[in-house]
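See below for the structure under consideration.
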Amino acid sequence: MSAPRQSWPKKTEDKNRIFLEALRRAWESGWRIGRGDEGEQECPDLDESVLWAFDARVSPGEEKGKRAPKAPSPKKPSGEPEELSKLPYDNTKCRARKYNKGWPLQCWKIPGEERGVCHLCADRQADDAVDFWGFYDEPLEDCCLNKDGNPHSWKPLEKSRAEKKASDREEKKKQKEEEKRLKEEEKEKKKAEKHAQAEKKKRLKDLKKKAKADKKKPEDPVGVAPPPHPDGAAAEAEKEQPKEEKKDQEEPVSPREGPTYAPESPRPNEEEELDEDTQSLDEDTQSLDEPPAVTFEEYNHDGYTMKWNKITNDLLDPDDDEVLGKMVCDDEGNWNAVINVDDSDDSDEDATSEEDEPLANHH
């Protein structure tokens with residue numbers, strides 16, 4: 001008797017031969033026991049197809065090796081990309097958006113339970129190294145950016161993006177022109193201010209120069225009254241004036257008519273007069289406590305406009321309130337301007353002339 005096998009053969013044919021031989025022997029042994037005899041009649045030989053019926057791995061009525069039917073896989077819709085992009089949203093499909101030659105297209109896969117997208121689109125959305133085109137049920141303008149951080153080149157948005165780009169370019173151009181115009185205006189304004197300052201400085205210098213020249217002129221004796229002549233009518237009037245005064249002094253003073261009063265006794269209405277004087281004094285004191293309101297008047301002297309302080313009579317520069325002079329009233333009640341003059345004006349004039357000399361020599 002041969003030794004029992006320790007391992008199963010690797011080849012399928014050998015396995016099937018051993019398995020079928022075991023089934024045949026089991027069949028013959030059972031047939032003999034059922035007949036009750038021992039070899040008087042030979043056991044009928046069975047075909048291999050009959051022996052395979054004893055395989056317990058195959059259920060009755062089931063064909064060997066047949067798989068369960070697979071669910072049909074959805075197919076990509078056919079048609080022009082532009083026409084497919086106009087299809088309405090279908091909630092029975094994956095809600096992710098596909099890029100179909102620049103046109104949007106809804107994914108045709110079966111959606112998963114999470115977020116309504118298939119597992120392929122979910123993996124693409126989670127991977128930053130690949131592009132994801134958003135969701136088909138959301139506006140195309142709100143689509144996310146590509147993997148490089150730039151907008152996707154959707155063809156339906158080309159016209160609107162071109163118009164926006166042109167509008168932004170025109171707006172930027174207008175902004176630059178406006179900035180240029182404001183710079184030019186600011187430049188002209190500064191130039192005008194500088195010119196005005198120079199003109200003002202020149203007029204002020206001429207004003208002080210003229211005032212200094214007027215100050216150096218000898219006083220005009222015209223208008224001084226000559227002394228009275230000894231033999232003139234004025235001298236006779238002066239001689240007669242002391243006599244009239246002496247006559248007035250020699251006239252006796254007539255006594256005051258009316259009742260007389262003792263020195264210590266108060267006279268009638270004296271208390272009322274004191275009260276009125278006290279009240280007027282209080283009003284004057286109150287008016288002194290309150291500083292008077294400063295009023296200014298515009299005054300033009302030799303073409304130079306100044307501010308005349310009506311309280312102090314100072315002449316002020318209208319820009320920086322520098323005291324340029326003072327208003328003085330003469331004996332006839334006329335107000336005249338007296339401009340301040342100092343030695344710095346001469347030094348400034350000399351410095352200016354020294355600066356002009358090199359320029360003149362250069363030319």
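Just remember, in the structure tokens the first chain shown is A, the second B, etc., residues are 1-based per chain, and ligands are 1-based in the order shown.
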Checklist entry - If we count only C-alpha atoms, what is near region 304-306 of chain A at a cut-off of 12 Å, once residues fewer than 2 positions away on the same chain are taken out, given as a ChimeraX atom specification? => result /A:199-208,296-302,308-309,313-327,337,339
Check which residues of region 145-220 of chain A sit at most 10 Å from region 80-100 of chain A using only C-alpha atoms, and return one row each with the closest pair of atoms and their distance in Å to one decimal, ordered by chain and rising number, as JSON lines.
{"residue": "A:His152", "atom": "CA", "partner": "A:Tyr99", "partner_atom": "CA", "distance": 9.2}
{"residue": "A:Ser153", "atom": "CA", "partner": "A:Tyr99", "partner_atom": "CA", "distance": 9.6}
{"residue": "A:Trp154", "atom": "CA", "partner": "A:Tyr99", "partner_atom": "CA", "distance": 8.4}
{"residue": "A:Lys155", "atom": "CA", "partner": "A:Glu82", "partner_atom": "CA", "distance": 9.1}
{"residue": "A:Pro156", "atom": "CA", "partner": "A:Glu82", "partner_atom": "CA", "distance": 8.9}
Next on the checklist: Between CA of Asp128 (chain A) and CA of Pro151 (chain A), what distance in Å does the model show, to one decimal?
Outcome noted: 14.8 Å
Checklist entry - Please, which residues of region 137-176 of chain A, numbered as in this document, come out helix (DSSP H, G or I) from DSSP, as a PyMOL selection string? => result chain A and resi 140-142+155-176
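For Glu141 (chain A), the residues within 9 Å (counting only C-alpha atoms, excluding itself and residues fewer than 3 positions away along the chain) are Glu138, Cys144 and Leu157 of chain A.
The space between CA of Tyr136 (chain A) and CA of Glu114 (chain A) spans 16.0 Å.
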